[in-house]
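One structure is given below, encoded as structure tokens.
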Amino acid sequence: MFPSFPEIAPAVYAMALGVVFVAAIVQSTIGMGFGQVAAPLLLLINPDFVPVPILIMGMTVAALNAFKGRKMVVLNELGVALGGRIAGSIAAGWVLVFMAGQEYFSLLFAGLILLAIGLSLGKWHIVPDWKTLMIAGTASGFMGTITSVGAPPMGIVYQHSPGLTVRATLNTFFALGTVASLCALGWFGQLRQDHLLFAIVLAPALLVGTWVSKYLTSFVDRRFRTLVLGICVASSLAVIWDVLT
């Protein structure tokens, strides 16, 4: 017997499609940002879309773009960051099941992200070495698993890198790293069949947004650092707002 798709009011469905369309463009052109754009808006539209359906859709759009830019991926940097992502995802799964008050962890990480952004705007020049990548990967896995918003730590590390390389490496990181987050959630019993169905019904907007993004990459590359840090700030503030309201 085939599962039935969730019933969604037409107006709600149209709004959700629009959000996913924009989020897919952001992820495709910058290499990050799907969860940052989609999570707070879809949470307002329908809480069932957050966090697992967003993780599934974010993994899909990242995988499509990772395949497209596979020749530009920096493999040694990717491996270090993924090691951290796996550790952070497991820690987050443990927190979700065995500890109360995970919102305090979200506040802590969001606050640290804002602090790191402030420091990076000064004289602190962050570069993607093994220490920063391990720390950023771990923070990304933890935040991404709990809140669907895991890009800011990696965005801060890569803010000075060329857009083409960053897009390829970050999309690969998030495609593989989100698998780790989903496996951690599944291990701790946090995945349901309807999560996948919600992601499927929004897939058309994801595919169209990914296709449209190829016409916008040159515009984004001229403003890359500003856009990356802007997304990091907005997403951290969204996490804080979600916890406090």
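If you're wondering about the labels, chains in the structure tokens are A, B, ... by order shown, residues count from 1 in each chain, ligands from 1 in order shown.
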Worksheet item: What's the 12 Å shell around Gly79 (chain A), counting only C-alpha atoms, without same-chain residues fewer than 2 positions away, as a ChimeraX atom specification?
Response: /A:73-77,81-86,129-130,133-134,137,169-170,172-173,176-177
Worksheet item: So which residues touch Thr226 (chain A) within 9 Å, counting only C-alpha atoms, skipping near sequence neighbours fewer than 4 positions away, as a ChimeraX atom specification?
Response: /A:159,230-231
Go ahead and dump the residues you just picked, N, CA and C atoms, as a tab-separated table (two decimals), in the first residue's frame.
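The new file again_29.tsv reads:
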chain	number	residue	atom	x	y	z
A	159	GLN	N	34.93	32.64	3.90
A	159	GLN	CA	34.48	33.96	3.42
A	159	GLN	C	35.46	34.64	2.47
A	230	GLY	N	26.34	38.04	5.33
A	230	GLY	CA	24.95	38.44	5.52
A	230	GLY	C	24.05	37.26	5.85
A	231	ILE	N	24.24	36.17	5.15
A	231	ILE	CA	23.47	34.96	5.42
A	231	ILE	C	23.79	34.42	6.81
Hey, could you make a per-residue contact list for region 128-186 of chain A against region 105-109 of chain A with 10 Å as the cut-off, showing the nearest pair of atoms and its distance in Å to one decimal, counting only C-alpha atoms, sorted by chain and number, as a tab-separated table?
residue	atom	partner	partner_atom	distance
A:Ala139	CA	A:Phe109	CA	7.5
A:Ser140	CA	A:Phe109	CA	9.5
A:Phe142	CA	A:Phe109	CA	8.9
A:Met143	CA	A:Ser106	CA	6.7
A:Gly144	CA	A:Ser106	CA	9.9
A:Ile146	CA	A:Ser106	CA	7.7
A:Thr147	CA	A:Ser106	CA	7.4
A:Val149	CA	A:Ser106	CA	9.9
A:Pro152	CA	A:Phe109	CA	9.9
A:Pro153	CA	A:Phe109	CA	9.3
How about saving the chosen residues, N, CA and C atoms kept, as a PDB file, in the first residue's frame?
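Output file result20.pdb follows:
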ATOM      1  N   ALA A 139      30.702  22.352  14.636  1.00  0.00           N
ATOM      2  CA  ALA A 139      29.619  23.294  14.935  1.00  0.00           C
ATOM      3  C   ALA A 139      28.507  23.198  13.904  1.00  0.00           C
ATOM      4  N   SER A 140      28.877  23.014  12.642  1.00  0.00           N
ATOM      5  CA  SER A 140      27.884  22.890  11.579  1.00  0.00           C
ATOM      6  C   SER A 140      27.019  21.649  11.772  1.00  0.00           C
ATOM      7  N   PHE A 142      26.385  20.055  14.577  1.00  0.00           N
ATOM      8  CA  PHE A 142      25.544  20.220  15.755  1.00  0.00           C
ATOM      9  C   PHE A 142      24.371  21.133  15.463  1.00  0.00           C
ATOM     10  N   MET A 143      24.661  22.319  14.921  1.00  0.00           N
ATOM     11  CA  MET A 143      23.597  23.278  14.630  1.00  0.00           C
ATOM     12  C   MET A 143      22.644  22.765  13.557  1.00  0.00           C
ATOM     13  N   GLY A 144      23.206  22.145  12.518  1.00  0.00           N
ATOM     14  CA  GLY A 144      22.373  21.677  11.417  1.00  0.00           C
ATOM     15  C   GLY A 144      21.403  20.591  11.834  1.00  0.00           C
ATOM     16  N   ILE A 146      20.143  20.061  14.908  1.00  0.00           N
ATOM     17  CA  ILE A 146      19.141  20.551  15.851  1.00  0.00           C
ATOM     18  C   ILE A 146      18.206  21.581  15.226  1.00  0.00           C
ATOM     19  N   THR A 147      18.753  22.479  14.391  1.00  0.00           N
ATOM     20  CA  THR A 147      17.959  23.623  13.924  1.00  0.00           C
ATOM     21  C   THR A 147      17.742  23.680  12.413  1.00  0.00           C
ATOM     22  N   VAL A 149      19.909  24.683  10.471  1.00  0.00           N
ATOM     23  CA  VAL A 149      20.751  25.803  10.044  1.00  0.00           C
ATOM     24  C   VAL A 149      22.191  25.488  10.439  1.00  0.00           C
ATOM     25  N   PRO A 152      26.463  28.614   8.824  1.00  0.00           N
ATOM     26  CA  PRO A 152      27.273  29.755   9.250  1.00  0.00           C
ATOM     27  C   PRO A 152      28.717  29.443   9.637  1.00  0.00           C
ATOM     28  N   PRO A 153      29.003  28.395  10.414  1.00  0.00           N
ATOM     29  CA  PRO A 153      30.411  28.154  10.760  1.00  0.00           C
ATOM     30  C   PRO A 153      31.292  27.952   9.526  1.00  0.00           C
TER      31      PRO A 153
END
Find the nearest atom pair between each residue of region 158-213 of chain A and region 6-19 of chain A for residues within 12 Å, count only C-alpha atoms, give distances in Å to one decimal, sort rows by chain and ascending number, and present the table as a Markdown table.
| residue | atom | partner | partner_atom | distance |
| --- | --- | --- | --- | --- |
| A:Gln193 | CA | A:Pro6 | CA | 10.6 |
| A:Asp194 | CA | A:Pro6 | CA | 7.3 |
| A:His195 | CA | A:Pro6 | CA | 9.7 |
| A:Leu196 | CA | A:Pro6 | CA | 10.4 |
| A:Leu197 | CA | A:Pro6 | CA | 7.1 |
| A:Phe198 | CA | A:Pro6 | CA | 6.9 |
| A:Ala199 | CA | A:Pro6 | CA | 10.5 |
| A:Ile200 | CA | A:Pro6 | CA | 10.3 |
| A:Val201 | CA | A:Pro6 | CA | 8.6 |
| A:Leu202 | CA | A:Leu17 | CA | 5.9 |
| A:Ala203 | CA | A:Leu17 | CA | 8.4 |
| A:Pro204 | CA | A:Leu17 | CA | 7.9 |
| A:Ala205 | CA | A:Leu17 | CA | 5.4 |
| A:Leu206 | CA | A:Leu17 | CA | 8.0 |
| A:Leu207 | CA | A:Leu17 | CA | 10.8 |
| A:Val208 | CA | A:Leu17 | CA | 10.2 |
| A:Gly209 | CA | A:Gly18 | CA | 9.4 |
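Close contacts of region 30-37 of chain A, defined as residues with an atom at most 7 Å away when counting only C-alpha atoms, with chain neighbours fewer than 2 positions off set aside, comprise Ala23, Ala24, Val26, Gln27, Ser28, Ala39, Pro40, Ile54, Gly58, Ser148, Val149, Ala151, Val166, Arg167, Ala168, Leu170, Asn171, Ile231 and Ser235 of chain A.
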Write out as a PDB file with C-alpha atoms, in the first residue's frame each polymer residue whose atoms come within 10 Å of Leu237 (chain A), counting only C-alpha atoms; drop sequence neighbours fewer than 2 positions from it.
ATOM      1  CA  LEU A 107      21.478  30.134  21.594  1.00  0.00           C
ATOM      2  CA  ALA A 110      24.222  31.370  17.408  1.00  0.00           C
ATOM      3  CA  GLY A 111      25.896  33.792  19.803  1.00  0.00           C
ATOM      4  CA  ILE A 113      28.681  32.688  15.321  1.00  0.00           C
ATOM      5  CA  LEU A 114      27.825  36.374  15.714  1.00  0.00           C
ATOM      6  CA  ILE A 231      23.467  34.962   5.424  1.00  0.00           C
ATOM      7  CA  CYS A 232      25.460  33.963   8.506  1.00  0.00           C
ATOM      8  CA  VAL A 233      24.211  36.958  10.489  1.00  0.00           C
ATOM      9  CA  ALA A 234      20.595  36.536   9.368  1.00  0.00           C
ATOM     10  CA  SER A 235      20.542  32.821  10.129  1.00  0.00           C
ATOM     11  CA  VAL A 239      17.868  30.894  15.459  1.00  0.00           C
ATOM     12  CA  ILE A 240      17.955  33.282  18.425  1.00  0.00           C
ATOM     13  CA  TRP A 241      14.531  34.680  17.547  1.00  0.00           C
ATOM     14  CA  ASP A 242      13.053  31.191  17.222  1.00  0.00           C
ATOM     15  CA  VAL A 243      14.340  30.187  20.667  1.00  0.00           C
TER      16      VAL A 243
END
Discussion item. With distances taken over only C-alpha atoms, which residue among A:Met72, A:Ile90, A:Val228, A:Ile25 lies nearest Val212 (chain A)?
Written reply: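 That would be A:Ile25, the residue with the smallest distance to Val212 (chain A).
Proximity of A:Trp211, A:Gln190, A:Arg223, A:Ala238 to Val97 (chain A), computed with only C-alpha atoms, is greatest for A:Gln190.
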Worksheet item: Between A:Leu121, A:Leu115, A:Gly186, A:Thr29, which is the closest to Asp221 (chain A) once you count only C-alpha atoms?
Response: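 Closest residue, counting only C-alpha atoms: A:Thr29.
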Item to complete: List every residue of region 15-240 of chain A that DSSP, applied to the backbone of this structure, places in helix (DSSP H, G or I), and write the result as number ranges by chain.
Response: A: 15-30, 34-45, 47-49, 52-68, 70-72, 75-98, 102-120, 130-147, 152-157, 163-187, 193-201, 203-215, 217-221, 224-240
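Taking only C-alpha atoms into account, Val50 (chain A) lies nearest to A:Leu191 out of the set A:Ile126, A:Leu191, A:Val179, A:Ala91.
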Practice prompt. Kindly give the distance, in Å, that separates CA of Leu55 (chain A) and CA of Leu182 (chain A), rounded to a single decimal.
Written response: 7.5 Å
Worksheet entry | Interatomic distance (Å, one decimal) between CA of Leu78 (chain A) and CA of Glu103 (chain A) |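 CA of Leu78 (chain A) sits 28.6 Å away from CA of Glu103 (chain A).
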